[in-house]
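Some notes on the structure that comes next.
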Amino acid sequence: MVDQVHLYTKNILKDWPVIRRLRRKGFDIIYDPICHDSATGLLLTKIIGKSSLHVASRKLELRKYYDYCEKYEPDGDDHNIDNGLLIFNALGVNPGTVNPFHPVFLPENSRNLAEKFFGTLPSGDYIWVGVNISAGSPSRTISVEKYAAAIGELGAKHPELRFVIICVMENREEAWKLTLEANSKAFIVPENLSLLDASAILGKLDIFISPDTSLIHIAGLMKIPVIGLYSGHKRNFLFWKPYRQQYGAVVAKDVNSLYDIEPVQVVEQFELIYNAFREQGHDGPLQARQAGFV
C-alpha cells in the first residue's frame with residue numbers, strides 16, 4: 001500500500017526540493033493526520049496538493065480549510081491512532097473494520113543497515129530490548145542515571161536480556177555512558193540514523209522502552225511491546241498511550257515533565273509484560289508477538 005516515504009526535516013531550504021517533487025505528482029488526495037490545529041500541516045497540505053482533495057482527521061479552527069475533517073475533541077479519550085483511521089470515513093470505509101497494524105514501510109537501504117548493525121552484535125539466544133533516551137526536550141525524558149538503574153536491575157534479574165541504546169546525535173555522549181555502565185550488555189546504534197533507519201533497527205527488537213516519541217508509536221504498530229514514559233498530562237496520555245496494550249505505561253505526576261518517574265516504575269511495567277509472555281508459554285516477547293499476544 002505504501003510506495004515511498006519522504007522525510008520532512010522542518011528546514012524549508014532543505015525540504016523545498018522534496019515539496020516541489022511531491023507537488024508535481026498531482027495527488028488525488030492529500031491527508032493531514034495531525035489530530036489538532038497545525039499551521040505547518042495545513043501549509044504543506046495546500047502547497048503539495050494544489051488541486052487535490054484535502055483531508056484531515058480532527059482539527060479545531062482549521063477544519064474549514066479542509067474538504068473533509070472531523071472536529072477535534074480536546075477533552076476526549078480517543079487514541080491518536082484511532083483518530084488517524086478516520087480518513088477511511090472519507091473513502092466510504094468504516095474505520096472500525098480496518099486493521100491498524102499494517103507493516104511499516106522501510107526502504108531496502110534502511111533494512112540493510114539494520115541487518116549490518118545486528119550482525120555486529122553478540123550472537124546467542126538473547127531477548128533484545130531497545131531503550132530510546134532521546135526526546136524533543138530534556139523534560140520529556142528521564143536522566144541517563146535512571147535509565148542505567150533500570151537497565152542494571154533488568155539485566156541482573158534476566159541474564160537473557162541485551163539492550164540496544166537508541167538516541168539522536170546530541171545524546172550520544174549520554175548513550176556511551178549508558179553502555180559503559182551496562183557491563184557489556186548494551187550497544188549503541190550507528191550515528192546519523194534517519195527515522196526510517198531507526199525504524200528498521202526497531203523492527204528487529206523484541207521489546208522497546210522509550211519516552212513518548214514517534215518511535216514508540218512506530219513500535220506499537222509493529223506489534224512490538226512497549227514501555228512508554230509519559231508526563232502527567234491526562235489528555236496527552238490518553239492520546240498517546242501504548243496502543244491496545246494492557247500494560248506498559250509509566251505516567252509521571254508532573255504534567256510538564258517526566259522528572260519524577262523512577263527506575264522501579266519502568267522495571268515494574270517491564271515485568272508485567274514479560275511475565276505475561278512467560279505465563280502463556282512463550283520463550284520471549286518476539287515469540288509472543290508472532291503468536292498474536294500483542
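Ligands are numbered from 1 in the order shown, residues from 1 within each chain, and chains are lettered A, B, ... in the order they appear in the C-alpha cells.
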
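Within range 102-244 of chain A, residues classed as strand (DSSP E) by DSSP on backbone coordinates are Ile127, Trp128, Val129, Gly130, Val131, Asn132, Leu161, Arg162, Phe163, Val164, Ile165, Ile166, Ala186, Phe187, Ile188, Ile207, Phe208, Ile209, Ser210, Pro211, Val226, Ile227, Gly228, Leu229 and Tyr230 of chain A.
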
I'd like the contact shell of Tyr66 in chain A - 9 Å cut-off, only C-alpha atoms, skipping same-chain residues fewer than 4 positions apart - returned as a list of chain:residue names. A:Leu42, A:Leu53, A:His54, A:Val55, A:Ala56, A:Leu62

Residue selection dump (C-alpha atoms) as an mmCIF file, in the first residue's frame:
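Final output, saved to again02.cif:
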```cif
data_model
loop_
_atom_site.group_PDB
_atom_site.id
_atom_site.type_symbol
_atom_site.label_atom_id
_atom_site.label_comp_id
_atom_site.auth_asym_id
_atom_site.auth_seq_id
_atom_site.Cartn_x
_atom_site.Cartn_y
_atom_site.Cartn_z
ATOM 1 C CA LEU A 42 -2.155 22.891 6.639
ATOM 2 C CA LEU A 53 -8.900 16.696 -2.101
ATOM 3 C CA HIS A 54 -7.656 17.908 1.285
ATOM 4 C CA VAL A 55 -8.499 15.538 4.134
ATOM 5 C CA ALA A 56 -7.669 15.639 7.865
ATOM 6 C CA LEU A 62 -8.602 24.966 10.861
#
```

Set out as CSV a contact list for range 29-70 of chain A and range 221-243 of chain A with a cut-off of 12 Å, giving each residue of range 29-70 of chain A that qualifies its closest atom pair and distance in Å to one decimal, counting only C-alpha atoms, ordered by chain and rising residue number.
```
residue,atom,partner,partner_atom,distance
A:Ile34,CA,A:Phe239,CA,11.8
A:Cys35,CA,A:Phe239,CA,9.6
A:His36,CA,A:Phe239,CA,11.2
```

So that I have them on file, write out the residues from the current selection with C-alpha atoms, as a PDB file, in the first residue's frame.
```
ATOM      1  CA  ILE A  34      -2.076  15.631  12.740  1.00  0.00           C
ATOM      2  CA  CYS A  35      -5.052  15.490  15.091  1.00  0.00           C
ATOM      3  CA  HIS A  36      -5.104  19.127  16.192  1.00  0.00           C
TER       4      HIS A  36
END
```

Among range 12-220 of chain A, which ones does DSSP place in alpha helix (DSSP H), written as a PDB file with C-alpha atoms, in the first residue's frame?
```pdb
ATOM      1  CA  ILE A  12      12.364  24.910   4.402  1.00  0.00           C
ATOM      2  CA  LEU A  13      15.510  25.303   2.261  1.00  0.00           C
ATOM      3  CA  LYS A  14      16.362  21.619   2.582  1.00  0.00           C
ATOM      4  CA  ASP A  15      12.753  20.471   2.180  1.00  0.00           C
ATOM      5  CA  TRP A  16      11.751  22.681  -0.751  1.00  0.00           C
ATOM      6  CA  PRO A  17      13.030  20.288  -3.493  1.00  0.00           C
ATOM      7  CA  VAL A  18      11.026  17.438  -1.891  1.00  0.00           C
ATOM      8  CA  ILE A  19       7.921  19.623  -1.636  1.00  0.00           C
ATOM      9  CA  ARG A  20       8.200  20.616  -5.307  1.00  0.00           C
ATOM     10  CA  ARG A  21       8.681  16.989  -6.356  1.00  0.00           C
ATOM     11  CA  LEU A  22       5.588  15.936  -4.425  1.00  0.00           C
ATOM     12  CA  ARG A  23       3.602  18.838  -5.852  1.00  0.00           C
ATOM     13  CA  ARG A  24       4.366  17.634  -9.401  1.00  0.00           C
ATOM     14  CA  ALA A  39      -0.385  25.644  10.571  1.00  0.00           C
ATOM     15  CA  THR A  40       2.576  23.705   9.169  1.00  0.00           C
ATOM     16  CA  GLY A  41       0.413  20.689   8.364  1.00  0.00           C
ATOM     17  CA  LEU A  42      -2.155  22.891   6.639  1.00  0.00           C
ATOM     18  CA  LEU A  43       0.507  24.755   4.667  1.00  0.00           C
ATOM     19  CA  LEU A  44       2.141  21.543   3.433  1.00  0.00           C
ATOM     20  CA  THR A  45      -1.264  20.086   2.546  1.00  0.00           C
ATOM     21  CA  LYS A  46      -2.176  23.125   0.439  1.00  0.00           C
ATOM     22  CA  ILE A  47       1.219  23.536  -1.245  1.00  0.00           C
ATOM     23  CA  ILE A  48       1.685  19.857  -2.151  1.00  0.00           C
ATOM     24  CA  ASN A  80      -4.295   9.278  18.136  1.00  0.00           C
ATOM     25  CA  ILE A  81      -4.059   6.108  16.029  1.00  0.00           C
ATOM     26  CA  ASP A  82      -7.821   5.668  16.113  1.00  0.00           C
ATOM     27  CA  ASN A  83      -8.130   9.322  15.104  1.00  0.00           C
ATOM     28  CA  GLY A  84      -5.810   8.631  12.202  1.00  0.00           C
ATOM     29  CA  ILE A  87      -9.551   9.027   6.955  1.00  0.00           C
ATOM     30  CA  PHE A  88     -11.378   5.854   5.921  1.00  0.00           C
ATOM     31  CA  ASN A  89     -14.681   7.645   6.534  1.00  0.00           C
ATOM     32  CA  ALA A  90     -13.758   9.943   3.651  1.00  0.00           C
ATOM     33  CA  GLU A 108      15.888  -1.523   1.310  1.00  0.00           C
ATOM     34  CA  ASN A 109      18.875   0.591   2.367  1.00  0.00           C
ATOM     35  CA  SER A 110      17.385   1.008   5.871  1.00  0.00           C
ATOM     36  CA  ARG A 111      16.723  -2.724   6.133  1.00  0.00           C
ATOM     37  CA  ASN A 112      20.298  -3.456   5.040  1.00  0.00           C
ATOM     38  CA  LEU A 113      21.657  -1.037   7.632  1.00  0.00           C
ATOM     39  CA  ALA A 114      19.685  -2.791  10.368  1.00  0.00           C
ATOM     40  CA  GLU A 115      20.901  -6.215   9.222  1.00  0.00           C
ATOM     41  CA  LYS A 116      24.508  -4.992   9.208  1.00  0.00           C
ATOM     42  CA  PHE A 117      24.179  -3.480  12.680  1.00  0.00           C
ATOM     43  CA  PHE A 118      22.686  -6.613  14.216  1.00  0.00           C
ATOM     44  CA  GLY A 119      25.422  -8.615  12.519  1.00  0.00           C
ATOM     45  CA  VAL A 144      20.709   8.690  31.925  1.00  0.00           C
ATOM     46  CA  GLU A 145      21.319   7.633  35.541  1.00  0.00           C
ATOM     47  CA  LYS A 146      17.700   6.430  35.822  1.00  0.00           C
ATOM     48  CA  TYR A 147      17.926   4.571  32.514  1.00  0.00           C
ATOM     49  CA  ALA A 148      21.152   2.964  33.772  1.00  0.00           C
ATOM     50  CA  ALA A 149      19.476   1.904  37.024  1.00  0.00           C
ATOM     51  CA  ALA A 150      16.542   0.326  35.178  1.00  0.00           C
ATOM     52  CA  ILE A 151      18.820  -1.492  32.728  1.00  0.00           C
ATOM     53  CA  GLY A 152      21.035  -2.664  35.576  1.00  0.00           C
ATOM     54  CA  GLU A 153      18.133  -4.155  37.524  1.00  0.00           C
ATOM     55  CA  LEU A 154      16.568  -5.802  34.482  1.00  0.00           C
ATOM     56  CA  GLY A 155      19.892  -7.199  33.298  1.00  0.00           C
ATOM     57  CA  ALA A 156      20.676  -8.658  36.707  1.00  0.00           C
ATOM     58  CA  LYS A 157      17.270 -10.311  37.006  1.00  0.00           C
ATOM     59  CA  ARG A 172      25.430  10.096  22.006  1.00  0.00           C
ATOM     60  CA  GLU A 173      27.701  11.045  24.910  1.00  0.00           C
ATOM     61  CA  GLU A 174      24.967  10.039  27.364  1.00  0.00           C
ATOM     62  CA  ALA A 175      24.350   6.865  25.346  1.00  0.00           C
ATOM     63  CA  TRP A 176      28.019   5.883  25.517  1.00  0.00           C
ATOM     64  CA  LYS A 177      27.960   6.446  29.272  1.00  0.00           C
ATOM     65  CA  LEU A 178      24.931   4.182  29.484  1.00  0.00           C
ATOM     66  CA  THR A 179      26.618   1.381  27.542  1.00  0.00           C
ATOM     67  CA  LEU A 180      29.690   1.557  29.790  1.00  0.00           C
ATOM     68  CA  GLU A 181      27.538   1.196  32.904  1.00  0.00           C
ATOM     69  CA  LEU A 195      13.823   7.950  11.130  1.00  0.00           C
ATOM     70  CA  LEU A 196      13.490   5.121   8.610  1.00  0.00           C
ATOM     71  CA  ASP A 197      16.879   3.687   9.609  1.00  0.00           C
ATOM     72  CA  ALA A 198      15.961   3.788  13.293  1.00  0.00           C
ATOM     73  CA  SER A 199      12.620   2.156  12.488  1.00  0.00           C
ATOM     74  CA  ALA A 200      14.369  -0.684  10.661  1.00  0.00           C
ATOM     75  CA  ILE A 201      16.521  -1.357  13.740  1.00  0.00           C
ATOM     76  CA  LEU A 202      13.440  -1.065  15.904  1.00  0.00           C
ATOM     77  CA  SER A 214       7.452   8.849  17.279  1.00  0.00           C
ATOM     78  CA  LEU A 215       9.472   5.636  17.667  1.00  0.00           C
ATOM     79  CA  ILE A 216       7.272   4.271  20.439  1.00  0.00           C
ATOM     80  CA  HIS A 217       4.203   4.550  18.215  1.00  0.00           C
ATOM     81  CA  ILE A 218       6.018   3.017  15.257  1.00  0.00           C
ATOM     82  CA  ALA A 219       6.966   0.133  17.566  1.00  0.00           C
ATOM     83  CA  GLY A 220       3.343  -0.244  18.625  1.00  0.00           C
TER      84      GLY A 220
END
```

Could you check the closest approach to Asn256 in chain A for each of A:Asn171, A:Asn183, A:Asn99, A:Ser139 and tell me which residue wins, using only C-alpha atoms? A:Ser139

Just give me the gap between CA of Tyr72 in chain A and CA of Asp37 in chain A in Å, one decimal is fine.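 If I compute the distance from CA of Tyr72 in chain A to CA of Asp37 in chain A, I get 8.6 Å.
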
Which is closest to Ser134 in chain A among A:Pro211, A:Gly92, A:Gly203, A:Gly76, if we use only C-alpha atoms?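 Under the stated criterion, the closest residue is A:Pro211.
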
With only C-alpha atoms as the atoms that count, which of A:Val131, A:Leu272, A:Ile261, A:Ala186 lies nearest to Ile207 in chain A?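 The shortest atom-to-atom distance to Ile207 in chain A comes from A:Val131.
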
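For the pair CA of Asp260 in chain A and CA of Asp212 in chain A, the separation is 15.2 Å.
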